[in-house]
Every structure is written in structure tokens, then in C-alpha cells.
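Enquirer: Handing you a structure now.
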Amino acid sequence: MSDASYRDAIFSTPLDRVARFSFDEQVVACFPDMIRRSVPGYGQILGMLGLIARRHLRHGARVYDLGCSLGAGGLSLAGQLPPEAFRYVGVDLSPAMVTRARETLDTECPDHAIQVMEGDIRTLDYEPAGMIVLNFTLQFLPPADREAVMGRLFAALEPGGVLVLSEKIRAEDEAENAWLVERYHDFKRANGYSDMEISQKRTALENVLVPDTLAEHHARLGRSGFSRAHTWFQLLNFASLVAFKDEAFKDADSSAPRED
């Protein structure tokens, strides 16, 4: 995937008017570089998907990757689990993302059961699933739509199913939040972004990416029916949670996939 990608320079020149951020062809072309330099811990979160699946996914169950972008979640799972362990369904609203994800996954994972479709996760007709992944997806939905989506995902999960939710977050304390944002901008500068790029992208994302607090995420998961949820990862203002349907949390020593 990196061979077909380019360095993110979308906001590297002054713009008279900064348009709302969208996942168009320009973003798709540089997306691997953009997310690598913009999302602290992204690689670690992807790397954990297979480990979480080994602990909690019923053997052969369906895995939804919602907002799958270029299919990195599917690549991670396929790299850690055998073809018969799961059926992958990637969903994205961007036609450009879907086209590239299909090409990449067909090439890299020919032996796995892989499907990538264009769709809106708010209205998708879900089939029963053992695992659902939302990596930095919920944050792009209007806040008023998030509760209903989470309820639909809970209903789609099989008993014992697991949901992985990764999001940019905001701290409840204003001073803490300001510190996290400042250090995040330092992180981006260290990865080669200029102050102009940081400022223009922040403007483009205003009212497009609206983060919740961790407390809001946990409360929503609880209201949706999840019996248990943990924040298992946080780096600066980026975090990942894992939530379980029913009392399915296991702390077994075996690393093999569950077989029911």
C-alpha cells in the first residue's frame, strides 16, 4: 500500500479558504503517510486487533471494520489469523477509499474471505458479527447520530462479541485538554508538519471531527447495552476502548481463537 501512496502535503501551501476536510482522491493518495504522521499509536492499535481477536472472536465469525479506509484493519487481522478464522467486511463511505481498499486486500489477502463495500454505517443492514472495529470513525459522525449507531452495533454483535473503538478524545478539564492538544501539535511538528499545515488542517476539521471525552464514550457504551468496557490504550489525546456484549470478558491463558 505504501508503494502507491505519497507524502501528505495537502495543507503545505497557504489557502485563501480552507475547505471542509473530506476523504477524497487527494486524501486517499497520501492517506498512509497522513495517518502515520498524524495519529499517535495508530500502528500499535492495529497490531492489537489480531491479539484481541485471538482472545475473544468466535472461530469463523464475521468481523466488521467500519470506516475501513484503505483496509489496514483487514491487513492486520489477515497477517495474524489464518483464513478460516474470520470473515472480514470493510465498510467506508468514501468511494475512493473503497476502490483502493479492495485492490489492496485482494492482492495482499487472496486466501481470506474479504469483502469491502461502500456504505453509511448509520443505515447499514448488519448481519451477526463476532467483532466490530471502529478505528477513528465515530468521531466523524454528527454527535446526535452516535448513540443510535452504537445501539445498532450492539444488536449486531453475537453474544460474547467484542467491539474495538478508537477515537481522538478531549479531556474534561480545560487545562489538561489544552496541554494534550499542544503536545499533539508538537508530535505533528516532530513528524515534519509545519505550523501552517497544522493550523490549516485544524480549520478543515472544525465541525467535521467532533471528539467526545472518555467518560462520554463509556457512558454511551453502557447505555447501548455493553456489559463491560475498558480503555486499553491512550497516547496524548488518542485512545482505544474495548467493549464486550454480555458477560463475555475472558482472562484465559490460551491464545487460541474461541470456538463455540
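A note on labels: chains of the C-alpha cells are A, B, ... as shown, every chain counts residues from 1, and ligands are counted from 1 in their shown order.
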Name the residues in contact with A:Ile52 at a cut-off of 9 Å, using only C-alpha atoms, excluding same-chain residues fewer than 4 positions from it; report them as a list in words.
Expert: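 My list of contacting residues is Met48, His56, Leu57, Val162, Val164 and Val242 of chain A.
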Enquirer: I need the residues of stretch 23-199 of chain A that end up classed as strand (DSSP E) by DSSP on the backbone, written out as a PyMOL selection string.
Expert: chain A and resi 61-66+86-92+113-118+129-135+157-168
Enquirer: Just the selected residues (N, CA and C atoms), exported as a CSV table (one decimal), in the first residue's frame, please.
Expert:
```csv
chain,number,residue,atom,x,y,z
A,61,ALA,N,-16.1,-16.3,12.7
A,61,ALA,CA,-17.2,-15.3,12.8
A,61,ALA,C,-16.8,-14.1,11.9
A,62,ARG,N,-17.9,-13.3,11.6
A,62,ARG,CA,-17.7,-12.1,10.8
A,62,ARG,C,-17.1,-11.0,11.6
A,63,VAL,N,-16.2,-10.2,11.0
A,63,VAL,CA,-15.6,-9.0,11.6
A,63,VAL,C,-16.0,-7.8,10.7
A,64,TYR,N,-16.7,-6.8,11.3
A,64,TYR,CA,-16.9,-5.6,10.6
A,64,TYR,C,-15.8,-4.6,10.9
A,65,ASP,N,-15.3,-3.9,9.9
A,65,ASP,CA,-14.3,-2.9,10.0
A,65,ASP,C,-15.0,-1.6,9.5
A,66,LEU,N,-15.6,-0.8,10.3
A,66,LEU,CA,-16.4,0.3,9.9
A,66,LEU,C,-15.6,1.6,9.8
A,86,PHE,N,-11.8,-16.0,10.3
A,86,PHE,CA,-12.8,-14.9,10.3
A,86,PHE,C,-13.2,-14.6,8.9
A,87,ARG,N,-14.3,-13.8,8.8
A,87,ARG,CA,-14.8,-13.3,7.5
A,87,ARG,C,-14.8,-11.7,7.7
A,88,TYR,N,-14.1,-11.1,6.9
A,88,TYR,CA,-13.9,-9.6,7.0
A,88,TYR,C,-14.8,-8.9,6.1
A,89,VAL,N,-15.5,-7.9,6.7
A,89,VAL,CA,-16.4,-6.9,5.9
A,89,VAL,C,-15.9,-5.5,6.2
A,90,GLY,N,-15.3,-4.9,5.3
A,90,GLY,CA,-14.9,-3.5,5.4
A,90,GLY,C,-15.9,-2.6,4.8
A,91,VAL,N,-16.3,-1.5,5.5
A,91,VAL,CA,-17.3,-0.6,5.1
A,91,VAL,C,-16.7,0.9,5.1
A,92,ASP,N,-16.9,1.6,4.1
A,92,ASP,CA,-16.5,3.0,4.1
A,92,ASP,C,-17.4,3.8,3.2
A,113,ALA,N,-11.4,-14.6,3.4
A,113,ALA,CA,-12.7,-14.2,3.0
A,113,ALA,C,-12.9,-12.7,3.2
A,114,ILE,N,-12.7,-11.9,2.2
A,114,ILE,CA,-12.7,-10.4,2.3
A,114,ILE,C,-13.8,-9.8,1.5
A,115,GLN,N,-14.5,-8.9,2.1
A,115,GLN,CA,-15.5,-8.1,1.3
A,115,GLN,C,-15.3,-6.6,1.8
A,116,VAL,N,-15.3,-5.7,0.8
A,116,VAL,CA,-15.3,-4.3,1.1
A,116,VAL,C,-16.4,-3.6,0.3
A,117,MET,N,-17.2,-2.8,1.0
A,117,MET,CA,-18.4,-2.2,0.4
A,117,MET,C,-18.5,-0.7,0.8
A,118,GLU,N,-19.1,0.0,-0.1
A,118,GLU,CA,-19.4,1.4,0.1
A,118,GLU,C,-20.7,1.5,0.9
A,129,ALA,N,-22.3,-10.5,13.9
A,129,ALA,CA,-20.8,-10.4,13.9
A,129,ALA,C,-20.2,-10.7,15.2
A,130,GLY,N,-19.0,-11.3,15.2
A,130,GLY,CA,-18.3,-11.6,16.4
A,130,GLY,C,-17.4,-10.5,16.9
A,131,MET,N,-17.1,-9.5,15.9
A,131,MET,CA,-16.2,-8.4,16.3
A,131,MET,C,-16.5,-7.3,15.4
A,132,ILE,N,-16.5,-6.1,16.0
A,132,ILE,CA,-16.7,-4.8,15.2
A,132,ILE,C,-15.6,-3.9,15.6
A,133,VAL,N,-15.0,-3.3,14.5
A,133,VAL,CA,-13.9,-2.4,14.7
A,133,VAL,C,-14.3,-1.0,14.2
A,134,LEU,N,-14.2,0.0,15.0
A,134,LEU,CA,-14.3,1.4,14.5
A,134,LEU,C,-13.1,2.2,14.9
A,135,ASN,N,-12.1,2.3,14.0
A,135,ASN,CA,-10.9,3.0,14.2
A,135,ASN,C,-11.0,4.4,13.7
A,157,LEU,N,-23.9,-7.5,17.3
A,157,LEU,CA,-22.9,-8.4,17.8
A,157,LEU,C,-23.5,-9.7,18.4
A,158,GLU,N,-22.8,-10.8,18.2
A,158,GLU,CA,-23.3,-12.1,18.8
A,158,GLU,C,-23.0,-12.0,20.3
A,159,PRO,N,-23.7,-12.8,21.1
A,159,PRO,CA,-23.4,-12.9,22.5
A,159,PRO,C,-21.9,-13.3,22.6
A,160,GLY,N,-21.2,-12.6,23.4
A,160,GLY,CA,-19.8,-12.8,23.6
A,160,GLY,C,-18.9,-12.0,22.6
A,161,GLY,N,-19.6,-11.2,21.8
A,161,GLY,CA,-18.9,-10.4,20.8
A,161,GLY,C,-18.1,-9.2,21.4
A,162,VAL,N,-17.2,-8.7,20.6
A,162,VAL,CA,-16.3,-7.6,21.1
A,162,VAL,C,-16.3,-6.5,20.1
A,163,LEU,N,-16.3,-5.3,20.7
A,163,LEU,CA,-16.2,-4.0,19.9
A,163,LEU,C,-14.9,-3.3,20.2
A,164,VAL,N,-14.2,-2.9,19.2
A,164,VAL,CA,-13.0,-2.0,19.4
A,164,VAL,C,-13.3,-0.7,18.9
A,165,LEU,N,-13.2,0.3,19.7
A,165,LEU,CA,-13.5,1.7,19.4
A,165,LEU,C,-12.3,2.6,19.6
A,166,SER,N,-11.7,3.2,18.6
A,166,SER,CA,-10.5,4.0,18.7
A,166,SER,C,-10.9,5.4,18.3
A,167,GLU,N,-10.6,6.5,19.0
A,167,GLU,CA,-11.1,7.8,18.8
A,167,GLU,C,-10.0,8.9,19.2
A,168,LYS,N,-10.1,10.0,18.6
A,168,LYS,CA,-9.5,11.2,19.1
A,168,LYS,C,-10.4,11.7,20.3
```
Enquirer: With only C-alpha atoms as the atoms that count, which of A:Arg223, A:His112, A:Arg228, A:Arg36 lies nearest to A:Val149?
Expert: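 Smallest distance to A:Val149 is found for A:Arg223.
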Enquirer: Need the shell around A:Pro143: protein/DNA/RNA residues with any atom at most 12 Å away, counting only C-alpha atoms. Skip same-chain ones fewer than 5 positions apart. Format as a ChimeraX atom specification?
Expert: /A:137-138,148-150,207-212,216-217,220
Enquirer: Okay, now the selection with N, CA, C and O atoms, as a compact mmCIF listing (two decimals), in the first residue's frame?
Expert:
```txt
# COMPACT_ATOMS: atom_id res chain seq x y z
N THR A 137 -13.58 6.52 13.49
CA THR A 137 -14.73 6.63 12.60
C THR A 137 -15.89 7.35 13.26
O THR A 137 -16.49 8.26 12.67
N LEU A 138 -16.23 6.97 14.48
CA LEU A 138 -17.37 7.55 15.17
C LEU A 138 -17.23 9.06 15.29
O LEU A 138 -18.22 9.81 15.21
N ALA A 148 -27.46 6.14 18.43
CA ALA A 148 -28.24 5.18 17.65
C ALA A 148 -27.31 4.18 16.95
O ALA A 148 -27.62 2.98 16.87
N VAL A 149 -26.18 4.65 16.42
CA VAL A 149 -25.23 3.76 15.77
C VAL A 149 -24.71 2.73 16.75
O VAL A 149 -24.66 1.53 16.46
N MET A 150 -24.35 3.17 17.95
CA MET A 150 -23.80 2.23 18.92
C MET A 150 -24.85 1.19 19.32
O MET A 150 -24.53 0.01 19.52
N ASN A 207 -15.74 21.20 13.17
CA ASN A 207 -17.13 20.76 12.98
C ASN A 207 -17.26 19.56 12.05
O ASN A 207 -18.38 19.18 11.69
N VAL A 208 -16.14 18.97 11.63
CA VAL A 208 -16.16 17.72 10.87
C VAL A 208 -15.76 16.58 11.79
O VAL A 208 -16.42 15.53 11.83
N LEU A 209 -14.68 16.76 12.54
CA LEU A 209 -14.26 15.81 13.57
C LEU A 209 -14.59 16.44 14.92
O LEU A 209 -13.97 17.43 15.31
N VAL A 210 -15.57 15.88 15.61
CA VAL A 210 -16.01 16.41 16.91
C VAL A 210 -15.74 15.35 17.96
O VAL A 210 -16.47 14.35 18.05
N PRO A 211 -14.69 15.51 18.79
CA PRO A 211 -14.33 14.46 19.74
C PRO A 211 -15.20 14.46 20.99
O PRO A 211 -15.72 15.50 21.42
N ASP A 212 -15.35 13.29 21.58
CA ASP A 212 -16.01 13.11 22.87
C ASP A 212 -14.95 12.91 23.95
O ASP A 212 -13.78 12.65 23.65
N GLU A 216 -17.76 10.18 28.16
CA GLU A 216 -18.91 10.14 27.25
C GLU A 216 -18.92 8.83 26.46
O GLU A 216 -19.99 8.23 26.26
N HIS A 217 -17.77 8.38 26.03
CA HIS A 217 -17.71 7.11 25.31
C HIS A 217 -18.16 5.96 26.20
O HIS A 217 -18.97 5.11 25.79
N ARG A 220 -21.94 6.04 26.84
CA ARG A 220 -22.71 5.64 25.66
C ARG A 220 -22.66 4.13 25.48
O ARG A 220 -23.67 3.50 25.15
```
Enquirer: What gap, in Å, lies between atom CA of A:Pro32 and atom CA of A:Ala171?
Expert: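 Distance between the two atoms: 27.1 Å.
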